[in-house]
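Reproduced below: input.pdb, with PDB, C-alpha atoms.
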ATOM      1  CA  MET A   5       7.170  32.531   6.194
ATOM      2  CA  PRO A   6       9.425  29.622   7.284
ATOM      3  CA  THR A   7      10.080  26.975   4.648
ATOM      4  CA  VAL A   8      11.465  23.425   4.447
ATOM      5  CA  ASN A   9      13.045  21.231   1.787
ATOM      6  CA  ALA A  10      10.729  19.039  -0.279
ATOM      7  CA  VAL A  11      10.620  17.118  -3.554
ATOM      8  CA  ALA A  12       7.849  18.109  -5.948
ATOM      9  CA  ALA A  13       6.486  16.999  -9.309
ATOM     10  CA  LEU A  14       5.782  19.277 -12.250
ATOM     11  CA  ASP A  15       3.712  18.827 -15.416
ATOM     12  CA  GLY A  16       3.448  15.018 -15.454
ATOM     13  CA  LEU A  17       6.837  14.535 -17.057
ATOM     14  CA  PRO A  18       8.130  11.003 -17.733
ATOM     15  CA  VAL A  19      10.502   9.506 -15.178
ATOM     16  CA  SER A  20      13.299   9.638 -17.762
ATOM     17  CA  ASP A  21      13.148  13.462 -17.651
ATOM     18  CA  PRO A  22      15.407  14.830 -14.876
ATOM     19  CA  SER A  23      12.825  17.575 -14.286
ATOM     20  CA  CYS A  24       9.972  15.177 -13.436
ATOM     21  CA  LEU A  25      10.819  15.567  -9.740
ATOM     22  CA  GLN A  26      12.583  18.650  -8.401
ATOM     23  CA  ASP A  27      14.103  19.822  -5.140
ATOM     24  CA  VAL A  28      12.055  22.789  -3.883
ATOM     25  CA  ARG A  29      11.329  24.830  -0.769
ATOM     26  CA  VAL A  30       7.764  24.838   0.563
ATOM     27  CA  PRO A  31       6.079  26.573   3.518
ATOM     28  CA  VAL A  32       5.996  24.762   6.843
ATOM     29  CA  PRO A  33       2.440  23.379   6.972
ATOM     30  CA  GLU A  34      -0.138  24.879   9.297
ATOM     31  CA  LEU A  35      -1.756  22.398  11.668
ATOM     32  CA  ARG A  36      -5.456  21.652  11.790
ATOM     33  CA  PRO A  37      -6.817  20.871  15.288
ATOM     34  CA  ARG A  38      -6.467  17.075  14.854
ATOM     35  CA  ASP A  39      -3.100  17.209  13.023
ATOM     36  CA  VAL A  40       0.343  16.112  14.070
ATOM     37  CA  LEU A  41       3.429  17.673  12.458
ATOM     38  CA  VAL A  42       5.877  14.911  11.543
ATOM     39  CA  ARG A  43       9.557  15.270  10.722
ATOM     40  CA  VAL A  44       9.823  12.720   7.935
ATOM     41  CA  HIS A  45      12.808  10.358   8.070
ATOM     42  CA  ALA A  46      11.827   7.877   5.359
ATOM     43  CA  VAL A  47       9.200   7.279   2.676
ATOM     44  CA  SER A  48       8.375   4.456   0.304
ATOM     45  CA  VAL A  49       7.210   4.746  -3.285
ATOM     46  CA  ASN A  50       4.053   2.942  -4.389
ATOM     47  CA  PRO A  51       2.399   2.524  -7.796
ATOM     48  CA  VAL A  52      -0.034   5.283  -6.778
ATOM     49  CA  ASP A  53       2.898   7.722  -6.460
ATOM     50  CA  VAL A  54       3.973   6.886 -10.002
ATOM     51  CA  LYS A  55       0.414   7.102 -11.306
ATOM     52  CA  VAL A  56      -0.240  10.509  -9.747
ATOM     53  CA  ARG A  57       3.084  11.928 -10.950
ATOM     54  CA  ALA A  58       2.577  10.706 -14.515
ATOM     55  CA  GLY A  59      -1.016  11.966 -14.601
ATOM     56  CA  LEU A  60      -0.317  15.548 -13.564
ATOM     57  CA  GLY A  61      -1.273  18.246 -16.020
ATOM     58  CA  ARG A  62       0.688  21.476 -16.311
ATOM     59  CA  GLN A  63       1.168  22.824 -12.797
ATOM     60  CA  SER A  64       1.367  26.455 -11.725
ATOM     61  CA  GLU A  65       2.815  25.286  -8.406
ATOM     62  CA  PRO A  66       4.984  22.252  -7.622
ATOM     63  CA  LYS A  67       3.045  19.341  -6.153
ATOM     64  CA  VAL A  68       4.618  17.461  -3.263
ATOM     65  CA  LEU A  69       3.815  13.760  -3.665
ATOM     66  CA  GLY A  70       4.286  10.832  -1.310
ATOM     67  CA  TYR A  71       2.004   8.786   0.949
ATOM     68  CA  ASP A  72       3.944   6.249   3.033
ATOM     69  CA  ALA A  73       6.183   7.798   5.669
ATOM     70  CA  ALA A  74       7.879   7.202   8.995
ATOM     71  CA  GLY A  75       9.222   9.909  11.245
ATOM     72  CA  VAL A  76       8.992  11.733  14.576
ATOM     73  CA  VAL A  77       6.160  13.929  15.870
ATOM     74  CA  GLU A  78       7.468  17.495  16.176
ATOM     75  CA  ALA A  79       4.253  19.333  17.120
ATOM     76  CA  VAL A  80       0.582  18.571  17.714
ATOM     77  CA  GLY A  81      -2.692  20.362  17.027
ATOM     78  CA  ALA A  82      -4.924  21.733  19.777
ATOM     79  CA  GLU A  83      -7.269  18.712  19.789
ATOM     80  CA  VAL A  84      -4.745  15.871  19.417
ATOM     81  CA  THR A  85      -5.078  13.235  22.148
ATOM     82  CA  SER A  86      -3.521  10.009  20.844
ATOM     83  CA  LEU A  87       0.062  11.067  20.050
ATOM     84  CA  ALA A  88       2.718  13.259  21.658
ATOM     85  CA  VAL A  89       5.772  15.226  20.602
ATOM     86  CA  GLY A  90       8.838  12.989  20.247
ATOM     87  CA  GLU A  91       6.975   9.787  19.362
ATOM     88  CA  GLU A  92       8.119   7.736  16.375
ATOM     89  CA  VAL A  93       5.239   7.135  13.960
ATOM     90  CA  PHE A  94       4.294   5.704  10.576
ATOM     91  CA  TYR A  95       1.349   6.392   8.281
ATOM     92  CA  ALA A  96       0.082   6.410   4.690
ATOM     93  CA  GLY A  97      -1.220   9.968   4.469
ATOM     94  CA  ASP A  98      -4.171  11.528   2.720
ATOM     95  CA  ILE A  99      -4.409  11.866  -1.059
ATOM     96  CA  THR A 100      -6.145  15.261  -0.750
ATOM     97  CA  ARG A 101      -3.244  16.892   1.140
ATOM     98  CA  SER A 102       0.390  17.729   0.504
ATOM     99  CA  GLY A 103       2.510  14.595   0.523
ATOM    100  CA  SER A 104       5.322  13.004   2.507
ATOM    101  CA  ASN A 105       8.259  13.861   0.208
ATOM    102  CA  THR A 106       9.212  16.713   2.514
ATOM    103  CA  GLU A 107      10.970  17.476   5.779
ATOM    104  CA  LEU A 108       7.792  18.322   7.715
ATOM    105  CA  GLN A 109       4.288  17.011   7.009
ATOM    106  CA  ALA A 110       0.943  17.693   8.667
ATOM    107  CA  VAL A 111      -1.233  14.579   9.028
ATOM    108  CA  ASP A 112      -4.484  13.859  10.844
ATOM    109  CA  GLU A 113      -3.662  11.923  14.027
ATOM    110  CA  ARG A 114      -6.455   9.435  13.287
ATOM    111  CA  ILE A 115      -4.488   7.911  10.405
ATOM    112  CA  VAL A 116      -1.107   7.919  12.202
ATOM    113  CA  ALA A 117       0.195   5.221  14.552
ATOM    114  CA  ARG A 118       3.318   4.570  16.590
ATOM    115  CA  LYS A 119       5.762   2.708  14.386
ATOM    116  CA  PRO A 120       6.971  -0.810  15.247
ATOM    117  CA  THR A 121       9.764  -0.541  17.798
ATOM    118  CA  ALA A 122      11.577  -3.440  16.126
ATOM    119  CA  LEU A 123      12.056  -1.488  12.877
ATOM    120  CA  GLY A 124      14.052   1.521  11.830
ATOM    121  CA  PHE A 125      12.404   4.348   9.941
ATOM    122  CA  ALA A 126      13.265   2.962   6.491
ATOM    123  CA  GLU A 127      11.889  -0.507   7.236
ATOM    124  CA  ALA A 128       8.742   0.957   8.821
ATOM    125  CA  ALA A 129       8.074   3.314   5.907
ATOM    126  CA  ALA A 130       7.543   0.310   3.627
ATOM    127  CA  LEU A 131       4.453  -0.826   5.507
ATOM    128  CA  PRO A 132       1.579   1.650   6.023
ATOM    129  CA  LEU A 133      -0.183   2.002   2.650
ATOM    130  CA  THR A 134       0.130  -1.675   1.769
ATOM    131  CA  SER A 135      -0.820  -2.813   5.262
ATOM    132  CA  ILE A 136      -3.949  -0.661   5.306
ATOM    133  CA  THR A 137      -4.940  -1.807   1.817
ATOM    134  CA  ALA A 138      -4.369  -5.467   2.649
ATOM    135  CA  TRP A 139      -6.149  -5.217   6.011
ATOM    136  CA  GLU A 140      -9.209  -3.480   4.584
ATOM    137  CA  ALA A 141      -9.334  -5.892   1.625
ATOM    138  CA  LEU A 142      -9.233  -8.969   3.856
ATOM    139  CA  PHE A 143     -11.220  -7.886   6.880
ATOM    140  CA  ASP A 144     -13.520  -5.064   5.703
ATOM    141  CA  ARG A 145     -14.267  -6.096   2.119
ATOM    142  CA  LEU A 146     -13.987  -9.931   2.277
ATOM    143  CA  ARG A 147     -14.927 -10.002   5.985
ATOM    144  CA  LEU A 148     -12.473 -12.789   6.806
ATOM    145  CA  THR A 149     -11.927 -13.725  10.446
ATOM    146  CA  ALA A 150      -9.713 -15.991  12.521
ATOM    147  CA  GLY A 151     -12.286 -18.711  11.924
ATOM    148  CA  SER A 152     -12.366 -18.339   8.136
ATOM    149  CA  ARG A 153     -11.381 -21.356   6.068
ATOM    150  CA  GLY A 154     -11.357 -22.041   2.320
ATOM    151  CA  THR A 155      -8.845 -20.820  -0.247
ATOM    152  CA  LEU A 156      -7.625 -17.319  -1.095
ATOM    153  CA  ALA A 157      -5.778 -16.563  -4.338
ATOM    154  CA  VAL A 158      -3.489 -13.513  -4.052
ATOM    155  CA  LEU A 159      -2.444 -12.253  -7.459
ATOM    156  CA  GLY A 160       0.730 -10.178  -7.492
ATOM    157  CA  GLY A 161       1.800 -11.904  -4.291
ATOM    158  CA  ALA A 162       5.345 -10.524  -4.450
ATOM    159  CA  GLY A 163       4.198  -6.904  -4.855
ATOM    160  CA  GLY A 164       3.895  -4.448  -2.015
ATOM    161  CA  VAL A 165       0.198  -5.033  -1.248
ATOM    162  CA  GLY A 166       0.266  -8.715  -2.168
ATOM    163  CA  SER A 167       3.132  -9.307   0.253
ATOM    164  CA  MET A 168       1.016  -7.908   3.089
ATOM    165  CA  VAL A 169      -2.135  -9.782   2.009
ATOM    166  CA  VAL A 170      -0.186 -13.049   2.166
ATOM    167  CA  GLN A 171       1.252 -12.290   5.601
ATOM    168  CA  LEU A 172      -1.942 -11.008   7.213
ATOM    169  CA  ALA A 173      -4.050 -13.825   5.773
ATOM    170  CA  LYS A 174      -1.636 -16.435   7.104
ATOM    171  CA  GLN A 175      -1.313 -14.816  10.523
ATOM    172  CA  LEU A 176      -4.909 -13.781  11.214
ATOM    173  CA  THR A 177      -7.152 -16.227   9.309
ATOM    174  CA  GLY A 178      -7.361 -19.937   8.643
ATOM    175  CA  VAL A 179      -7.524 -19.712   4.849
ATOM    176  CA  ARG A 180      -5.175 -21.517   2.508
ATOM    177  CA  VAL A 181      -3.175 -18.922   0.562
ATOM    178  CA  LEU A 182      -2.222 -19.309  -3.093
ATOM    179  CA  ALA A 183       0.201 -16.535  -4.042
ATOM    180  CA  GLY A 184       0.733 -15.384  -7.615
ATOM    181  CA  ALA A 185       4.383 -15.135  -8.659
ATOM    182  CA  GLY A 186       6.189 -15.602 -11.948
ATOM    183  CA  LYS A 187       9.921 -15.041 -11.583
ATOM    184  CA  PRO A 188      12.037 -17.394  -9.423
ATOM    185  CA  ALA A 189      12.848 -14.526  -7.058
ATOM    186  CA  SER A 190       9.141 -13.746  -6.655
ATOM    187  CA  ARG A 191       8.300 -17.392  -6.024
ATOM    188  CA  ALA A 192      10.973 -17.632  -3.344
ATOM    189  CA  TRP A 193       9.707 -14.390  -1.774
ATOM    190  CA  VAL A 194       6.070 -15.475  -1.414
ATOM    191  CA  GLU A 195       7.057 -18.900  -0.144
ATOM    192  CA  ASP A 196       9.198 -17.238   2.508
ATOM    193  CA  LEU A 197       6.231 -15.058   3.485
ATOM    194  CA  GLY A 198       4.213 -18.200   4.189
ATOM    195  CA  ALA A 199       2.179 -18.861   1.032
ATOM    196  CA  ASP A 200       0.841 -22.421   0.950
ATOM    197  CA  ASP A 201       1.194 -22.728  -2.828
ATOM    198  CA  VAL A 202       2.444 -20.573  -5.694
ATOM    199  CA  ILE A 203       0.401 -19.888  -8.839
ATOM    200  CA  ASP A 204       1.352 -18.196 -12.108
ATOM    201  CA  HIS A 205      -0.814 -15.359 -13.427
ATOM    202  CA  HIS A 206       0.457 -15.984 -16.966
ATOM    203  CA  ASP A 207      -1.739 -19.109 -17.053
ATOM    204  CA  LEU A 208      -4.038 -18.484 -14.133
ATOM    205  CA  VAL A 209      -6.733 -21.052 -14.846
ATOM    206  CA  ALA A 210      -4.391 -24.015 -15.353
ATOM    207  CA  SER A 211      -2.154 -22.892 -12.501
ATOM    208  CA  VAL A 212      -5.007 -22.608  -9.985
ATOM    209  CA  ARG A 213      -6.568 -25.874 -11.106
ATOM    210  CA  GLY A 214      -3.241 -27.583 -10.577
ATOM    211  CA  VAL A 215      -3.257 -26.839  -6.845
ATOM    212  CA  ALA A 216      -6.974 -26.170  -6.168
ATOM    213  CA  PRO A 217      -9.013 -28.290  -8.610
ATOM    214  CA  ASP A 218     -12.326 -27.116  -7.113
ATOM    215  CA  GLY A 219     -11.381 -23.445  -7.407
ATOM    216  CA  VAL A 220     -10.931 -20.706  -4.810
ATOM    217  CA  ASP A 221     -13.339 -18.999  -2.444
ATOM    218  CA  HIS A 222     -11.691 -15.578  -2.485
ATOM    219  CA  LEU A 223      -9.412 -13.723  -4.891
ATOM    220  CA  PHE A 224      -7.339 -10.563  -4.468
ATOM    221  CA  SER A 225      -6.624  -8.688  -7.708
ATOM    222  CA  PRO A 226      -4.189  -5.814  -8.318
ATOM    223  CA  ALA A 227      -4.541  -6.237 -12.105
ATOM    224  CA  SER A 228      -8.051  -6.998 -13.333
ATOM    225  CA  GLN A 229      -8.003  -5.775 -16.936
ATOM    226  CA  GLY A 230      -8.407  -8.747 -19.271
ATOM    227  CA  ASN A 231      -8.638 -11.229 -16.402
ATOM    228  CA  VAL A 232     -12.337 -11.291 -15.488
ATOM    229  CA  GLU A 233     -13.108 -14.363 -17.578
ATOM    230  CA  ALA A 234     -10.235 -16.230 -15.917
ATOM    231  CA  PHE A 235     -11.513 -15.094 -12.522
ATOM    232  CA  ALA A 236     -14.929 -16.473 -13.415
ATOM    233  CA  GLU A 237     -13.297 -19.816 -14.166
ATOM    234  CA  VAL A 238     -11.282 -20.165 -10.958
ATOM    235  CA  VAL A 239     -13.593 -18.614  -8.339
ATOM    236  CA  LYS A 240     -16.241 -20.903  -6.869
ATOM    237  CA  PRO A 241     -19.966 -20.140  -7.001
ATOM    238  CA  PHE A 242     -20.836 -17.418  -4.449
ATOM    239  CA  GLY A 243     -17.141 -16.602  -4.132
ATOM    240  CA  GLU A 244     -15.759 -13.083  -3.723
ATOM    241  CA  ILE A 245     -13.174 -10.910  -5.452
ATOM    242  CA  VAL A 246     -11.565  -7.733  -4.121
ATOM    243  CA  ALA A 247      -9.698  -5.462  -6.550
ATOM    244  CA  ILE A 248      -7.454  -2.431  -6.022
ATOM    245  CA  ASP A 249      -6.728  -1.346  -9.614
ATOM    246  CA  ASP A 250      -8.465   1.084 -11.987
ATOM    247  CA  PRO A 251      -9.472  -0.936 -15.071
ATOM    248  CA  VAL A 252     -11.259   1.113 -17.730
ATOM    249  CA  GLY A 253     -14.613  -0.231 -18.976
ATOM    250  CA  LEU A 254     -14.420  -3.416 -16.919
ATOM    251  CA  ASP A 255     -17.075  -5.993 -17.867
ATOM    252  CA  LEU A 256     -18.136  -8.076 -14.865
ATOM    253  CA  VAL A 257     -20.904 -10.017 -16.626
ATOM    254  CA  PRO A 258     -18.811 -13.246 -16.759
ATOM    255  CA  LEU A 259     -19.110 -13.384 -12.941
ATOM    256  CA  LYS A 260     -22.913 -13.407 -12.924
ATOM    257  CA  ASP A 261     -23.596 -17.119 -13.534
ATOM    258  CA  LYS A 262     -21.717 -18.030 -10.362
ATOM    259  CA  SER A 263     -23.089 -15.053  -8.379
ATOM    260  CA  ILE A 264     -19.517 -13.986  -7.654
ATOM    261  CA  ALA A 265     -19.304 -10.770  -5.620
ATOM    262  CA  TRP A 266     -16.941  -7.961  -6.648
ATOM    263  CA  HIS A 267     -15.539  -5.514  -4.083
ATOM    264  CA  TRP A 268     -13.428  -2.381  -4.581
ATOM    265  CA  GLU A 269     -10.758  -1.431  -2.066
ATOM    266  CA  LEU A 270      -9.252   2.059  -1.867
ATOM    267  CA  MET A 271      -7.410   2.803   1.350
ATOM    268  CA  PHE A 272      -7.906   6.555   0.850
ATOM    269  CA  THR A 273     -11.723   6.319   1.054
ATOM    270  CA  ARG A 274     -11.833   7.002   4.793
ATOM    271  CA  SER A 275      -9.652  10.123   4.577
ATOM    272  CA  LEU A 276     -11.249  11.334   1.329
ATOM    273  CA  PHE A 277     -14.657  11.469   2.994
ATOM    274  CA  THR A 278     -13.586  11.918   6.641
ATOM    275  CA  THR A 279     -15.753   8.936   7.550
ATOM    276  CA  PRO A 280     -16.875   8.532  11.174
ATOM    277  CA  ASP A 281     -14.559   5.524  11.516
ATOM    278  CA  LEU A 282     -11.441   7.354  10.254
ATOM    279  CA  ALA A 283      -9.525   6.300  13.384
ATOM    280  CA  GLU A 284      -9.825   2.660  12.274
ATOM    281  CA  GLN A 285      -6.689   3.264  10.217
ATOM    282  CA  GLN A 286      -4.733   4.241  13.319
ATOM    283  CA  ARG A 287      -6.073   1.175  15.107
ATOM    284  CA  LEU A 288      -5.178  -1.264  12.357
ATOM    285  CA  LEU A 289      -1.705   0.217  11.919
ATOM    286  CA  THR A 290      -1.233  -0.206  15.672
ATOM    287  CA  ASP A 291      -2.219  -3.869  15.294
ATOM    288  CA  VAL A 292       0.212  -4.282  12.391
ATOM    289  CA  ALA A 293       2.991  -2.727  14.487
ATOM    290  CA  SER A 294       2.225  -5.231  17.266
ATOM    291  CA  LEU A 295       2.411  -8.110  14.774
ATOM    292  CA  VAL A 296       5.777  -6.833  13.544
ATOM    293  CA  ASP A 297       7.140  -6.455  17.071
ATOM    294  CA  ALA A 298       5.942  -9.989  17.872
ATOM    295  CA  GLY A 299       7.868 -11.337  14.876
ATOM    296  CA  ARG A 300       4.717 -12.460  13.056
ATOM    297  CA  VAL A 301       4.847  -9.927  10.204
ATOM    298  CA  ARG A 302       7.985  -8.535   8.608
ATOM    299  CA  THR A 303       8.866  -5.439   6.659
ATOM    300  CA  THR A 304       8.597  -5.692   2.893
ATOM    301  CA  ALA A 305      11.409  -3.197   2.213
ATOM    302  CA  THR A 306      13.753  -4.759  -0.345
ATOM    303  CA  THR A 307      15.397  -1.757  -2.035
ATOM    304  CA  VAL A 308      16.583   1.066   0.225
ATOM    305  CA  ILE A 309      17.902   4.317  -1.289
ATOM    306  CA  GLY A 310      19.796   6.614   1.072
ATOM    307  CA  ASP A 311      19.175   9.815  -0.863
ATOM    308  CA  PHE A 312      16.112  11.823   0.193
ATOM    309  CA  SER A 313      16.265  14.195  -2.777
ATOM    310  CA  ALA A 314      14.774  14.567  -6.230
ATOM    311  CA  ALA A 315      17.496  12.285  -7.603
ATOM    312  CA  GLY A 316      16.835   9.547  -5.053
ATOM    313  CA  LEU A 317      13.087   9.707  -5.496
ATOM    314  CA  ARG A 318      13.408   9.690  -9.298
ATOM    315  CA  GLU A 319      15.350   6.435  -9.027
ATOM    316  CA  ALA A 320      12.659   4.999  -6.738
ATOM    317  CA  HIS A 321       9.927   6.034  -9.190
ATOM    318  CA  ARG A 322      11.905   4.508 -12.062
ATOM    319  CA  LEU A 323      12.203   1.172 -10.258
ATOM    320  CA  VAL A 324       8.526   1.047  -9.298
ATOM    321  CA  GLU A 325       7.482   2.062 -12.814
ATOM    322  CA  THR A 326       9.160  -1.055 -14.254
ATOM    323  CA  GLY A 327       6.523  -3.197 -12.537
ATOM    324  CA  ARG A 328       9.187  -5.779 -11.758
ATOM    325  CA  THR A 329      10.086  -4.934  -8.180
ATOM    326  CA  VAL A 330       9.694  -7.469  -5.385
ATOM    327  CA  GLY A 331       8.518  -5.954  -2.113
ATOM    328  CA  LYS A 332       8.920  -2.211  -1.599
ATOM    329  CA  VAL A 333      11.311   0.576  -2.607
ATOM    330  CA  VAL A 334      12.201   2.937   0.250
ATOM    331  CA  VAL A 335      13.981   6.301   0.322
ATOM    332  CA  HIS A 336      15.467   7.657   3.557
ATOM    333  CA  ARG A 337      17.595  10.513   4.839
TER     334      ARG A 337
END
Rewrite the structure of this file - the entire thing - as C-alpha cells.
Amino acid sequence: MPTVNAVAALDGLPVSDPSCLQDVRVPVPELRPRDVLVRVHAVSVNPVDVKVRAGLGRQSEPKVLGYDAAGVVEAVGAEVTSLAVGEEVFYAGDITRSGSNTELQAVDERIVARKPTALGFAEAAALPLTSITAWEALFDRLRLTAGSRGTLAVLGGAGGVGSMVVQLAKQLTGVRVLAGAGKPASRAWVEDLGADDVIDHHDLVASVRGVAPDGVDHLFSPASQGNVEAFAEVVKPFGEIVAIDDPVGLDLVPLKDKSIAWHWELMFTRSLFTTPDLAEQQRLLTDVASLVDAGRVRTTATTVIGDFSAAGLREAHRLVETGRTVGKVVVHR
C-alpha cells in the first residue's frame, strides 16, 4: 500500500514533550465519490488543534491532526463536479476525518474552494476555519445583513476568528464594531483591520460603557466562562450573543431579564451531520476569496514557520497554546 509523510499525535502528551507530535508514514487516503485529493502545501494551527491534541487518550494508532489547509488538487472522486485536478484550493476540513498535517488529504469537495489568487499557500492557509466560523456567526447565527446597523462587540478581536469577524462585519454590514484587545500590539492590529473602537476584556463593562454608553446590540464571545454577568450588563435588551467556546456548566440565567438570545457556533456542524446545505461552506469560502482578491479582506497570517514536520508543528502548537498570539500561526513546506 502506498504511503505518504504525515505528522501525528500520540497519547495527549503536553507540547513540551518532543513526542507529542511525531513524523510518521500513513496510507494514501482512498477517495469517496465526492472527495478531492489535495497535495497540502501549508496549514495553520488553531486552538482546536491544540485542544484535540491535548485531549487525546492513549492511542493504538497515530492520529493525524490539522484542519486549515491550502494546496493543489491531485485527484478527484467519481462524482466531483466543482473542482478539477491542478486547481489551487483552501479549506478547513472535517473533524471526523484524518487531518491536514500530511502530504495528501482527502476532503469532500463541498467544503473546499479555490484559494484567493492574490495569496500564496501559506497566507491562504490562515483563513478557512476562522473565515467559516466568523461568517456563520455573523450571517447564520446573528443574521446580520448589509442593512444591519447597531453595535457589535467582538471579544478577542486580535485572535484568529476575531480578526475575521472584525473584517467581515466592517466589509459586509453597517454595524459599528468594538474590538476587544489588551496589549498594544493587539490594539494596533484590530484598529488596522478596521475596528471603530477598541475595548478591553479585563474591564469589559467599564470599557464598553466608555465608548457605547447604551450598550451593544450583538456580542461575539470566544471566552464565555465567568463573563456572562458582564455580558448581561453590556448587551441591550433583546440583544444577541454568539459564542464559540466550550464553557463547562455555563449559567445563562443573568441574560433572562433582558431577553438576550444566546447562539452557539461550531463550523464543523455541517460536516459532522452532512447537512443538506453542506456546500454553503464552499460558497462562503469562495466569497471570502473574492473579498481577498478585491483587497477588502486580508490574510491574518502573522507567524509563518517554514518547517512542515513534527518539529515545526510542535512550535506552532506551542505558540498557539500560549494564548498570546495575534492573528494566525502557519506552517508550510
Report task. Check the smallest atom-to-atom distance from each of A:Gln63, A:Asn231, A:Ser86, A:Asn9 to Arg38 (chain A) using all atoms listed in the file, then report the winner. Result ->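 Among the listed residues, A:Ser86 lies closest to Arg38 (chain A).
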Using all atoms listed in the file, which residues of region 103-174 of chain A come within 8 Å of region 239-254 of chain A, and what is the closest atom pair for each, with the distance in Å to one decimal? Give it as a Markdown table, sorted by chain and residue number.
| residue | atom | partner | partner_atom | distance |
| --- | --- | --- | --- | --- |
| A:Ala141 | CA | A:Val246 | CA | 6.4 |
| A:Arg145 | CA | A:Val246 | CA | 7.0 |
| A:Leu146 | CA | A:Glu244 | CA | 7.0 |
Straight-line distance linking CA of Gly230 (chain A) with CA of Leu197 (chain A), stated in Å to one decimal: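 Taking CA of Gly230 (chain A) as the start and CA of Leu197 (chain A) as the end point, the length is 27.8 Å.
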Quiz prompt | Nearest candidate to Arg180 (chain A) (options A:Leu156, A:Leu60, A:Val44, A:Leu142; using all atoms listed in the file) | solution =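 Nearest to Arg180 (chain A): A:Leu156.
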Worksheet entry | Near-region 299-312 of chain A list (6 Å; all atoms listed in the file; drop same-chain fewer than 6 positions) as a list in words |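 Selected residues are Glu127, Ala130, Gly331, Lys332, Val333, Val334, Val335, His336 and Arg337 of chain A.
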For each of A:Glu113, A:Val80, A:Asp204, A:Glu233, take the minimum atom-to-atom distance to Ile264 (chain A), counting all atoms listed in the file, then give the residue where this is smallest.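 With all atoms listed in the file as the atom set, the closest residue is A:Glu233.
For the structure shown here, the set of residues caught by the PyMOL selection byres ((chain A and resi 90) around 12) is Val40, Leu41, Val42, Arg43, Gly75, Val76, Val77, Glu78, Ala79, Val80, Leu87, Ala88, Val89, Glu91, Glu92, Val93 and Arg118 of chain A.
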_Please enumerate the residues selected by the PyMOL selection byres ((chain A and resi 58) around 8) when evaluated against the supplied file, formatted as a list of chain:residue names._
A:Gly16, A:Leu17, A:Pro18, A:Val54, A:Lys55, A:Val56, A:Arg57, A:Gly59, A:Leu60
- Message: Please list as a list in words every residue within 7 Å of region 270-285 of chain A, counting all atoms listed in the file and excluding residues in the same chain fewer than 3 positions away.
- Response: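 Contacts, in chain order: Asp98, Ile99, Thr100, Arg114, Ile115, Ile136, Thr137, Ile248, Leu288 and Leu289 of chain A.
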Output for the residues just chosen: C-alpha atoms as a JSON list (two decimals), keeping the file's coordinate frame:
[["chain", "number", "residue", "atom", "x", "y", "z"],
["A", 98, "ASP", "CA", -4.17, 11.53, 2.72],
["A", 99, "ILE", "CA", -4.41, 11.87, -1.06],
["A", 100, "THR", "CA", -6.14, 15.26, -0.75],
["A", 114, "ARG", "CA", -6.46, 9.44, 13.29],
["A", 115, "ILE", "CA", -4.49, 7.91, 10.40],
["A", 136, "ILE", "CA", -3.95, -0.66, 5.31],
["A", 137, "THR", "CA", -4.94, -1.81, 1.82],
["A", 248, "ILE", "CA", -7.45, -2.43, -6.02],
["A", 288, "LEU", "CA", -5.18, -1.26, 12.36],
["A", 289, "LEU", "CA", -1.70, 0.22, 11.92]]
